[in-house]
file run38.cif (mmCIF, C-alpha atoms and all ligand atoms)
data_data
loop_
_atom_site.group_PDB
_atom_site.id
_atom_site.type_symbol
_atom_site.label_atom_id
_atom_site.label_comp_id
_atom_site.auth_asym_id
_atom_site.auth_seq_id
_atom_site.Cartn_x
_atom_site.Cartn_y
_atom_site.Cartn_z
ATOM 1 C CA MET S 1 -15.477 -16.988 6.994
ATOM 2 C CA ILE S 2 -18.473 -14.691 7.049
ATOM 3 C CA ILE S 3 -18.908 -12.419 4.020
ATOM 4 C CA CYS S 4 -20.689 -9.083 4.570
ATOM 5 C CA LYS S 5 -21.656 -6.902 1.636
ATOM 6 C CA THR S 6 -23.302 -4.101 3.620
ATOM 7 C CA ILE S 7 -22.150 -1.865 6.456
ATOM 8 C CA THR S 8 -25.204 -2.867 8.514
ATOM 9 C CA SER S 9 -24.532 -6.598 8.200
ATOM 10 C CA LEU S 10 -20.840 -6.105 9.054
ATOM 11 C CA GLN S 11 -21.642 -4.065 12.148
ATOM 12 C CA GLN S 12 -24.184 -6.718 13.158
ATOM 13 C CA GLN S 13 -21.427 -9.346 13.050
ATOM 14 C CA LEU S 14 -19.107 -7.140 15.117
ATOM 15 C CA ILE S 15 -21.605 -6.623 17.994
ATOM 16 C CA PRO S 16 -20.910 -9.932 19.827
ATOM 17 C CA ILE S 17 -17.152 -9.525 19.309
ATOM 18 C CA ASN S 18 -17.254 -6.084 20.902
ATOM 19 C CA GLN S 19 -19.596 -7.317 23.660
ATOM 20 C CA LYS S 20 -17.098 -10.014 24.591
ATOM 21 C CA GLN S 21 -14.359 -7.319 24.479
ATOM 22 C CA GLN S 22 -12.456 -9.362 21.905
ATOM 23 C CA THR S 23 -9.830 -7.635 19.788
ATOM 24 C CA ILE S 24 -10.262 -6.907 16.093
ATOM 25 C CA GLY S 25 -7.415 -6.754 13.573
ATOM 26 C CA PHE S 26 -8.224 -5.088 10.254
ATOM 27 C CA VAL S 27 -6.565 -5.651 6.863
ATOM 28 C CA PRO S 28 -7.814 -3.249 4.149
ATOM 29 C CA THR S 29 -7.176 -4.413 0.570
ATOM 30 C CA MET S 30 -8.310 -3.866 -2.995
ATOM 31 C CA GLY S 31 -8.313 -7.608 -3.733
ATOM 32 C CA ALA S 32 -6.199 -9.594 -6.216
ATOM 33 C CA LEU S 33 -4.668 -11.012 -3.066
ATOM 34 C CA HIS S 34 -1.142 -12.417 -2.916
ATOM 35 C CA GLU S 35 1.268 -13.668 -0.242
ATOM 36 C CA GLY S 36 1.877 -10.067 0.888
ATOM 37 C CA HIS S 37 -1.792 -9.627 1.830
ATOM 38 C CA LEU S 38 -1.936 -13.100 3.378
ATOM 39 C CA SER S 39 1.041 -12.266 5.599
ATOM 40 C CA LEU S 40 -1.016 -9.336 6.949
ATOM 41 C CA ILE S 41 -3.967 -11.667 7.632
ATOM 42 C CA ARG S 42 -1.700 -14.114 9.452
ATOM 43 C CA ALA S 43 -0.075 -11.324 11.489
ATOM 44 C CA SER S 44 -3.515 -10.067 12.481
ATOM 45 C CA ASN S 45 -4.698 -13.585 13.364
ATOM 46 C CA SER S 46 -1.738 -14.175 15.613
ATOM 47 C CA GLN S 47 -2.446 -10.996 17.595
ATOM 48 C CA ASN S 48 -6.240 -10.683 17.583
ATOM 49 C CA ASP S 49 -9.405 -12.621 18.379
ATOM 50 C CA CYS S 50 -11.009 -11.603 15.092
ATOM 51 C CA THR S 51 -9.551 -10.600 11.725
ATOM 52 C CA VAL S 52 -11.594 -8.487 9.329
ATOM 53 C CA CYS S 53 -10.384 -8.047 5.736
ATOM 54 C CA SER S 54 -11.980 -5.607 3.299
ATOM 55 C CA ILE S 55 -11.857 -5.912 -0.476
ATOM 56 C CA PHE S 56 -12.890 -2.703 -2.187
ATOM 57 C CA VAL S 57 -11.335 -1.135 -5.269
ATOM 58 C CA ASN S 58 -11.670 2.466 -4.203
ATOM 59 C CA PRO S 59 -12.421 4.732 -7.195
ATOM 60 C CA THR S 60 -11.463 8.015 -5.468
ATOM 61 C CA GLN S 61 -7.809 7.027 -5.069
ATOM 62 C CA PHE S 62 -7.221 6.396 -8.785
ATOM 63 C CA ASN S 63 -5.990 9.424 -10.693
ATOM 64 C CA ASN S 64 -6.000 7.358 -13.887
ATOM 65 C CA GLN S 65 -9.300 5.852 -15.102
ATOM 66 C CA GLU S 66 -7.548 3.139 -17.129
ATOM 67 C CA ASP S 67 -5.610 1.994 -14.052
ATOM 68 C CA TYR S 68 -8.944 1.752 -12.187
ATOM 69 C CA ASN S 69 -10.689 -0.112 -15.015
ATOM 70 C CA LYS S 70 -7.802 -2.556 -15.384
ATOM 71 C CA TYR S 71 -7.341 -3.221 -11.674
ATOM 72 C CA PRO S 72 -7.244 -7.046 -11.417
ATOM 73 C CA ASN S 73 -10.324 -8.793 -9.993
ATOM 74 C CA THR S 74 -9.784 -12.348 -8.699
ATOM 75 C CA ILE S 75 -12.578 -12.469 -6.124
ATOM 76 C CA THR S 76 -13.286 -16.237 -6.185
ATOM 77 C CA GLN S 77 -9.606 -17.008 -5.652
ATOM 78 C CA ASP S 78 -9.372 -14.215 -3.013
ATOM 79 C CA ILE S 79 -12.217 -15.696 -0.949
ATOM 80 C CA TYR S 80 -10.600 -19.133 -1.112
ATOM 81 C CA GLN S 81 -7.217 -17.752 0.014
ATOM 82 C CA LEU S 82 -8.764 -15.734 2.860
ATOM 83 C CA GLU S 83 -10.567 -18.854 4.110
ATOM 84 C CA LEU S 84 -7.281 -20.785 4.073
ATOM 85 C CA ALA S 85 -5.402 -17.979 5.842
ATOM 86 C CA GLY S 86 -8.008 -17.993 8.634
ATOM 87 C CA CYS S 87 -9.704 -14.640 8.026
ATOM 88 C CA ASN S 88 -12.925 -14.407 10.086
ATOM 89 C CA ILE S 89 -14.907 -11.733 8.263
ATOM 90 C CA LEU S 90 -14.639 -10.396 4.706
ATOM 91 C CA PHE S 91 -16.211 -6.999 4.066
ATOM 92 C CA LEU S 92 -17.045 -6.854 0.354
ATOM 93 C CA PRO S 93 -19.077 -3.717 -0.323
ATOM 94 C CA ASP S 94 -19.938 -2.277 -3.736
ATOM 95 C CA VAL S 95 -19.321 1.327 -4.776
ATOM 96 C CA LYS S 96 -22.868 2.427 -3.884
ATOM 97 C CA GLU S 97 -22.509 1.074 -0.364
ATOM 98 C CA MET S 98 -19.308 3.062 0.274
ATOM 99 C CA TYR S 99 -20.272 6.150 -1.746
ATOM 100 C CA PRO S 100 -24.082 6.479 -1.446
ATOM 101 C CA ASP S 101 -23.870 10.173 -2.412
ATOM 102 C CA GLY S 102 -21.698 9.581 -5.498
ATOM 103 C CA ILE S 103 -17.987 9.156 -6.109
ATOM 104 C CA LEU S 104 -16.649 12.397 -4.664
ATOM 105 C CA ILE S 105 -13.772 13.469 -2.479
ATOM 106 C CA SER S 106 -15.970 15.246 0.037
ATOM 107 C CA LYS S 107 -13.369 16.222 2.620
ATOM 108 C CA GLN S 108 -9.781 17.515 2.617
ATOM 109 C CA TYR S 109 -7.239 15.888 4.927
ATOM 110 C CA ASN S 110 -4.267 17.974 6.022
ATOM 111 C CA LEU S 111 -1.431 15.639 5.090
ATOM 112 C CA ASP S 112 1.136 18.436 5.051
ATOM 113 C CA TYR S 113 4.184 17.871 2.780
ATOM 114 C CA LEU S 114 3.374 14.117 2.452
ATOM 115 C CA GLU S 115 0.593 15.149 0.059
ATOM 116 C CA ASN S 116 2.945 16.574 -2.574
ATOM 117 C CA ILE S 117 6.066 14.426 -2.566
ATOM 118 C CA LEU S 118 6.803 11.105 -4.346
ATOM 119 C CA GLU S 119 3.447 9.337 -4.939
ATOM 120 C CA GLY S 120 1.642 12.566 -4.079
ATOM 121 C CA GLU S 121 3.498 14.472 -6.794
ATOM 122 C CA TYR S 122 2.784 11.893 -9.508
ATOM 123 C CA ARG S 123 -0.725 10.858 -8.405
ATOM 124 C CA PRO S 124 -2.555 14.071 -7.493
ATOM 125 C CA ASN S 125 -5.354 13.491 -4.958
ATOM 126 C CA HIS S 126 -4.393 9.822 -4.568
ATOM 127 C CA PHE S 127 -3.785 10.100 -0.834
ATOM 128 C CA GLN S 128 -6.951 12.170 -0.303
ATOM 129 C CA GLY S 129 -8.874 9.232 -1.817
ATOM 130 C CA VAL S 130 -6.957 6.722 0.322
ATOM 131 C CA CYS S 131 -7.705 8.726 3.489
ATOM 132 C CA GLN S 132 -11.363 9.064 2.584
ATOM 133 C CA ILE S 133 -11.908 5.312 2.222
ATOM 134 C CA VAL S 134 -9.666 4.269 5.109
ATOM 135 C CA GLU S 135 -11.408 6.724 7.443
ATOM 136 C CA LYS S 136 -14.797 5.273 6.412
ATOM 137 C CA LEU S 137 -13.569 1.705 6.940
ATOM 138 C CA LEU S 138 -11.951 2.462 10.302
ATOM 139 C CA SER S 139 -15.087 4.249 11.504
ATOM 140 C CA ILE S 140 -17.257 1.260 10.520
ATOM 141 C CA ILE S 141 -14.981 -1.459 11.931
ATOM 142 C CA ASN S 142 -13.296 0.364 14.804
ATOM 143 C CA PRO S 143 -10.405 -2.123 14.975
ATOM 144 C CA ASN S 144 -7.765 -2.405 17.696
ATOM 145 C CA GLN S 145 -5.036 -2.942 15.128
ATOM 146 C CA LEU S 146 -4.627 -1.956 11.491
ATOM 147 C CA PHE S 147 -2.249 -4.000 9.316
ATOM 148 C CA LEU S 148 -0.524 -2.440 6.296
ATOM 149 C CA GLY S 149 2.269 -3.598 3.994
ATOM 150 C CA GLN S 150 5.597 -1.795 3.922
ATOM 151 C CA LYS S 151 5.619 -1.924 0.120
ATOM 152 C CA ASP S 152 3.353 1.132 0.245
ATOM 153 C CA TYR S 153 5.847 3.016 2.405
ATOM 154 C CA GLN S 154 4.396 6.495 1.925
ATOM 155 C CA GLN S 155 0.830 5.204 2.315
ATOM 156 C CA CYS S 156 1.811 3.801 5.735
ATOM 157 C CA MET S 157 3.007 7.271 6.773
ATOM 158 C CA VAL S 158 -0.131 8.919 5.378
ATOM 159 C CA ILE S 159 -2.410 6.496 7.244
ATOM 160 C CA LYS S 160 -0.409 7.048 10.452
ATOM 161 C CA LYS S 161 -1.158 10.759 9.989
ATOM 162 C CA LEU S 162 -4.838 9.963 9.249
ATOM 163 C CA ILE S 163 -5.118 8.041 12.541
ATOM 164 C CA GLU S 164 -3.765 11.143 14.316
ATOM 165 C CA LEU S 165 -6.204 13.396 12.445
ATOM 166 C CA MET S 166 -9.039 11.062 13.484
ATOM 167 C CA ASP S 167 -7.851 11.353 17.091
ATOM 168 C CA LYS S 168 -7.488 7.566 17.233
ATOM 169 C CA LYS S 169 -3.755 7.393 17.958
ATOM 170 C CA GLY S 170 -4.239 5.590 21.280
ATOM 171 C CA ALA S 171 -7.128 3.429 20.064
ATOM 172 C CA ILE S 172 -5.888 1.983 16.742
ATOM 173 C CA LYS S 173 -2.397 0.493 16.648
ATOM 174 C CA LEU S 174 -0.775 0.599 13.220
ATOM 175 C CA GLU S 175 1.251 -2.518 12.369
ATOM 176 C CA ILE S 176 3.529 -2.312 9.334
ATOM 177 C CA ILE S 177 4.484 -5.700 7.912
ATOM 178 C CA PRO S 178 7.617 -6.223 5.742
ATOM 179 C CA THR S 179 7.277 -6.569 1.974
ATOM 180 C CA ILE S 180 7.026 -10.118 0.663
ATOM 181 C CA ARG S 181 9.119 -10.772 -2.457
ATOM 182 C CA GLU S 182 9.296 -13.427 -5.154
ATOM 183 C CA LYS S 183 12.560 -15.446 -5.206
ATOM 184 C CA THR S 184 13.690 -13.058 -7.954
ATOM 185 C CA GLY S 185 13.357 -10.053 -5.618
ATOM 186 C CA LEU S 186 10.215 -8.712 -7.301
ATOM 187 C CA ALA S 187 7.905 -7.289 -4.633
ATOM 188 C CA MET S 188 4.524 -9.015 -4.585
ATOM 189 C CA SER S 189 1.855 -6.679 -5.899
ATOM 190 C CA SER S 190 -1.665 -7.021 -7.267
ATOM 191 C CA ARG S 191 -0.468 -5.157 -10.360
ATOM 192 C CA ASN S 192 2.034 -7.965 -11.150
ATOM 193 C CA ALA S 193 -0.993 -9.916 -12.420
ATOM 194 C CA ARG S 194 -0.937 -7.561 -15.427
ATOM 195 C CA LEU S 195 2.632 -8.609 -16.373
ATOM 196 C CA ASN S 196 3.569 -11.589 -18.540
ATOM 197 C CA GLU S 197 6.525 -13.812 -17.641
ATOM 198 C CA ALA S 198 9.072 -11.797 -19.683
ATOM 199 C CA GLU S 199 7.828 -8.554 -18.126
ATOM 200 C CA LYS S 200 8.045 -10.069 -14.639
ATOM 201 C CA GLU S 201 11.675 -10.906 -15.386
ATOM 202 C CA ASN S 202 12.317 -7.292 -16.463
ATOM 203 C CA ALA S 203 10.439 -6.017 -13.402
ATOM 204 C CA THR S 204 13.119 -7.536 -11.152
ATOM 205 C CA ALA S 205 15.312 -4.630 -12.327
ATOM 206 C CA ILE S 206 13.617 -2.555 -9.591
ATOM 207 C CA PHE S 207 15.042 -4.857 -6.924
ATOM 208 C CA LYS S 208 18.434 -4.891 -8.693
ATOM 209 C CA ALA S 209 18.423 -1.075 -8.847
ATOM 210 C CA MET S 210 17.707 -0.810 -5.116
ATOM 211 C CA MET S 211 20.440 -3.362 -4.319
ATOM 212 C CA HIS S 212 22.862 -1.360 -6.514
ATOM 213 C CA ILE S 213 22.075 1.800 -4.532
ATOM 214 C CA LYS S 214 22.482 -0.058 -1.242
ATOM 215 C CA LYS S 215 25.837 -1.507 -2.309
ATOM 216 C CA TYR S 216 27.344 1.800 -3.440
ATOM 217 C CA LEU S 217 25.632 4.074 -0.895
ATOM 218 C CA ASN S 218 28.880 5.235 0.693
ATOM 219 C CA LYS S 219 30.958 5.085 -2.477
ATOM 220 C CA LYS S 220 29.087 7.206 -5.027
ATOM 221 C CA SER S 221 27.058 10.431 -4.922
ATOM 222 C CA PHE S 222 23.279 10.052 -4.574
ATOM 223 C CA ASP S 223 22.839 11.824 -7.925
ATOM 224 C CA THR S 224 25.071 9.247 -9.640
ATOM 225 C CA LEU S 225 23.292 6.355 -7.907
ATOM 226 C CA GLU S 226 19.851 7.621 -8.885
ATOM 227 C CA LYS S 227 21.055 8.107 -12.478
ATOM 228 C CA GLU S 228 22.592 4.603 -12.651
ATOM 229 C CA ALA S 229 19.436 3.049 -11.183
ATOM 230 C CA THR S 230 17.307 4.895 -13.762
ATOM 231 C CA GLU S 231 19.518 3.559 -16.588
ATOM 232 C CA LEU S 232 19.201 0.033 -15.203
ATOM 233 C CA LEU S 233 15.393 0.280 -15.367
ATOM 234 C CA GLN S 234 15.482 1.788 -18.856
ATOM 235 C CA ASN S 235 17.729 -1.092 -20.000
ATOM 236 C CA HIS S 236 15.046 -3.507 -18.771
ATOM 237 C CA ALA S 237 12.200 -2.080 -20.859
ATOM 238 C CA PHE S 238 10.820 0.380 -18.285
ATOM 239 C CA GLU S 239 9.390 3.149 -20.450
ATOM 240 C CA LYS S 240 9.000 5.792 -17.725
ATOM 241 C CA VAL S 241 10.586 6.315 -14.321
ATOM 242 C CA ASP S 242 8.486 8.612 -12.127
ATOM 243 C CA TYR S 243 11.077 8.767 -9.366
ATOM 244 C CA ILE S 244 14.047 7.070 -7.758
ATOM 245 C CA LYS S 245 14.732 8.931 -4.530
ATOM 246 C CA ILE S 246 16.885 8.348 -1.488
ATOM 247 C CA CYS S 247 15.039 9.762 1.524
ATOM 248 C CA ASN S 248 15.104 9.966 5.283
ATOM 249 C CA ALA S 249 13.265 6.798 6.363
ATOM 250 C CA THR S 250 11.480 8.574 9.217
ATOM 251 C CA ASN S 251 10.008 11.582 7.423
ATOM 252 C CA LEU S 252 10.595 10.890 3.692
ATOM 253 C CA GLN S 253 12.459 14.177 3.195
ATOM 254 C CA GLU S 254 14.917 13.874 0.310
ATOM 255 C CA VAL S 255 18.563 13.428 1.345
ATOM 256 C CA GLN S 256 21.624 14.416 -0.744
ATOM 257 C CA ASN S 257 24.429 12.485 0.976
ATOM 258 C CA THR S 258 25.211 9.956 3.723
ATOM 259 C CA ASN S 259 27.080 12.378 5.993
ATOM 260 C CA SER S 260 24.795 11.731 8.928
ATOM 261 C CA SER S 261 23.488 8.941 11.069
ATOM 262 C CA GLN S 262 19.925 9.110 9.746
ATOM 263 C CA LYS S 263 18.141 5.990 8.500
ATOM 264 C CA LEU S 264 17.671 6.022 4.728
ATOM 265 C CA VAL S 265 15.170 4.430 2.363
ATOM 266 C CA VAL S 266 15.148 4.347 -1.431
ATOM 267 C CA LEU S 267 11.754 4.628 -3.117
ATOM 268 C CA ILE S 268 11.020 3.837 -6.756
ATOM 269 C CA ALA S 269 7.999 4.229 -9.042
ATOM 270 C CA ALA S 270 8.251 3.260 -12.707
ATOM 271 C CA PHE S 271 6.145 2.040 -15.634
ATOM 272 C CA LEU S 272 6.699 -1.293 -17.384
ATOM 273 C CA ASN S 273 4.455 -1.781 -20.415
ATOM 274 C CA GLY S 274 1.856 0.586 -18.956
ATOM 275 C CA VAL S 275 1.876 -1.009 -15.491
ATOM 276 C CA ARG S 276 3.008 1.297 -12.694
ATOM 277 C CA LEU S 277 5.138 -0.518 -10.110
ATOM 278 C CA ILE S 278 6.404 0.872 -6.801
ATOM 279 C CA ASP S 279 8.883 -0.488 -4.306
ATOM 280 C CA ASN S 280 11.244 0.619 -1.556
ATOM 281 C CA MET S 281 14.167 -0.649 0.499
ATOM 282 C CA GLN S 282 15.781 0.429 3.762
ATOM 283 C CA LEU S 283 19.407 1.224 2.992
ATOM 284 C CA ASN S 284 21.241 1.317 6.337
HETATM 285 O O1 LIG S 301 -3.171 -0.342 -0.310
HETATM 286 C C1 LIG S 301 -4.317 -0.529 -0.735
HETATM 287 O O2 LIG S 301 -4.665 -1.608 -1.215
HETATM 288 C C2 LIG S 301 -5.310 0.603 -0.681
HETATM 289 O O3 LIG S 301 -4.695 1.834 -0.874
HETATM 290 C C3 LIG S 301 -6.178 0.623 0.607
HETATM 291 C C4 LIG S 301 -5.311 0.856 1.843
HETATM 292 C C5 LIG S 301 -6.908 -0.707 0.733
HETATM 293 C C6 LIG S 301 -7.212 1.745 0.529
HETATM 294 O O4 LIG S 301 -8.064 1.588 -0.563
#
call {"tool": "encode", "arguments": {"input": "run38.cif", "output": "structure tokens", "more": "lines below"}}
Ligand code: PAF
result
Amino acid sequence: MIICKTITSLQQQLIPINQKQQTIGFVPTMGALHEGHLSLIRASNSQNDCTVCSIFVNPTQFNNQEDYNKYPNTITQDIYQLELAGCNILFLPDVKEMYPDGILISKQYNLDYLENILEGEYRPNHFQGVCQIVEKLLSIINPNQLFLGQKDYQQCMVIKKLIELMDKKGAIKLEIIPTIREKTGLAMSSRNARLNEAEKENATAIFKAMMHIKKYLNKKSFDTLEKEATELLQNHAFEKVDYIKICNATNLQEVQNTNSSQKLVVLIAAFLNGVRLIDNMQLN
């Protein structure tokens, strides 16, 4: 695997690939890689001539400085895992390389209602920061396919919108890969590295809460289900629940009952000992 720390060296590596008209699959990450990320690398490998992965902890998408400072860094292990998974190029820039003019959100993306619901409501400006860095990365790499994990359900929708805003809808194909879970049901996440074993056990309450909602979807009101799921998290040491919402899976608009044929998804964000975990599950 080739490691590029600068935009110039990365683009240099991409010249022969583009000249040979080979396809490029791109997997953007913030490191602390786990099986979820590696499944994206493998999916890209199976469909492309070249897989590029980026590791960059993007400061403009963190609305909480402590969360940024504590973001896990396991770079030696990450490089080893990427090699094993067959990644061809790792882009590993520093903050100065990606933000030469300082850490600023320099542009506003029109994300419509997606900006202010769910993650957008609880993490102001988060998606503006995500769009800013993903636009930079896509412009540098110009991939044929972009691979994202379904665990970040709303982020997938935001980046789909970004690709439209960039006028790249026909050029970059977005591939959304299912969430990888531990045997316990806990969704793999870089933030899990901040949990001890007892906390990881408690964290499985998110999966249990989603399964509870799925089981009783047609038997109880959505209000009752959301309340019961909140109690379940609170009984497993979650100190704060940002949201538990049943939404239309296509547009993320909140839904009050099942009296229609629309596809539904439940989305959860909650804090366990200061670590913010998110997850989601398709319900029907
Ligand atoms: O999902 C992530 O890890 C990040 O939001 C992304 C897409 C790499 C942008 O920084």
call {"tool": "residues_near_point", "arguments": {"input": "run38.cif", "point": "(-11.1, 3.9, -3.1)", "cutoff": "8 Å", "atoms": "all atoms listed in the file", "output": "number ranges by chain"}}
result
S: 56-62, 129-130, 132-133
call {"tool": "resolve_selection", "arguments": {"input": "run38.cif", "expression": "the PyMOL selection byres (((chain S and resi 116-127) around 8) and not hetatm)", "output": "list in words"}}
result
Thr60, Gln61, Phe62, Asn63, Tyr113, Leu114, Glu115, Gln128, Gly129, Val130, Cys131, Gln154, Gln155, Val158, Asp242, Tyr243 and Ala269 of chain S
call {"tool": "resolve_selection", "arguments": {"input": "run38.cif", "expression": "the PyMOL selection byres (((chain S and resi 255-257) around 9) and not hetatm)", "output": "number ranges by chain"}}
result
S: 217-218, 221-223, 245-248, 252-254, 258-260, 264
call {"tool": "axis_aligned_box", "arguments": {"input": "run38.cif", "around": "segment 235-241 of chain S", "padding_each_side": "3 Å", "output": "AutoDock Vina command-line options"}}
result
--center_x 13.4 --center_y 1.4 --center_z -17.6 --size_x 14.7 --size_y 15.8 --size_z 12.5
call {"tool": "resolve_selection", "arguments": {"input": "run38.cif", "expression": "the PyMOL selection byres (((chain S and resi 142) around 9) and not hetatm)", "output": "compact mmCIF listing (two decimals) with C-alpha atoms, in the coordinates of the input"}}
result
# COMPACT_ATOMS: atom_id res chain seq x y z
CA ILE S 24 -10.26 -6.91 16.09
CA PHE S 26 -8.22 -5.09 10.25
CA LEU S 137 -13.57 1.70 6.94
CA LEU S 138 -11.95 2.46 10.30
CA SER S 139 -15.09 4.25 11.50
CA ILE S 140 -17.26 1.26 10.52
CA ILE S 141 -14.98 -1.46 11.93
CA PRO S 143 -10.40 -2.12 14.98
CA ASN S 144 -7.76 -2.40 17.70
CA GLN S 145 -5.04 -2.94 15.13
CA ALA S 171 -7.13 3.43 20.06
CA ILE S 172 -5.89 1.98 16.74
call {"tool": "closest_residue", "arguments": {"input": "run38.cif", "among": "S:Cys53, S:Leu10, S:Met281, S:Ile41", "to": "ligand LIG 301 (chain S)", "atoms": "all atoms listed in the file"}}
result
S:Cys53
call {"tool": "residues_near_point", "arguments": {"input": "run38.cif", "point": "(14.0, -3.8, -17.3)", "cutoff": "10 Å", "atoms": "all atoms listed in the file", "output": "list in words"}}
result
Ala198, Glu199, Lys200, Glu201, Asn202, Ala203, Thr204, Ala205, Ile206, Lys208, Ala209, Thr230, Glu231, Leu232, Leu233, Gln234, Asn235, His236, Ala237, Phe238, Glu239, Phe271 and Leu272 of chain S
call {"tool": "atom_distance", "arguments": {"input": "run38.cif", "atom1": "atom CA of Lys263 of chain S", "atom2": "atom CA of Gln282 of chain S"}}
result
7.7 Å
call {"tool": "closest_residue", "arguments": {"input": "run38.cif", "among": "S:Pro72, S:Gly170, S:Pro28, S:Pro16", "to": "Ser190 of chain S", "atoms": "all atoms listed in the file"}}
result
S:Pro72
call {"tool": "residues_around", "arguments": {"input": "run38.cif", "residues": "Lys161 of chain S", "least_positions_apart": "5", "cutoff": "9 Å", "atoms": "only C-alpha atoms", "output": "PyMOL selection string"}}
result
chain S and resi 110-111+156+166
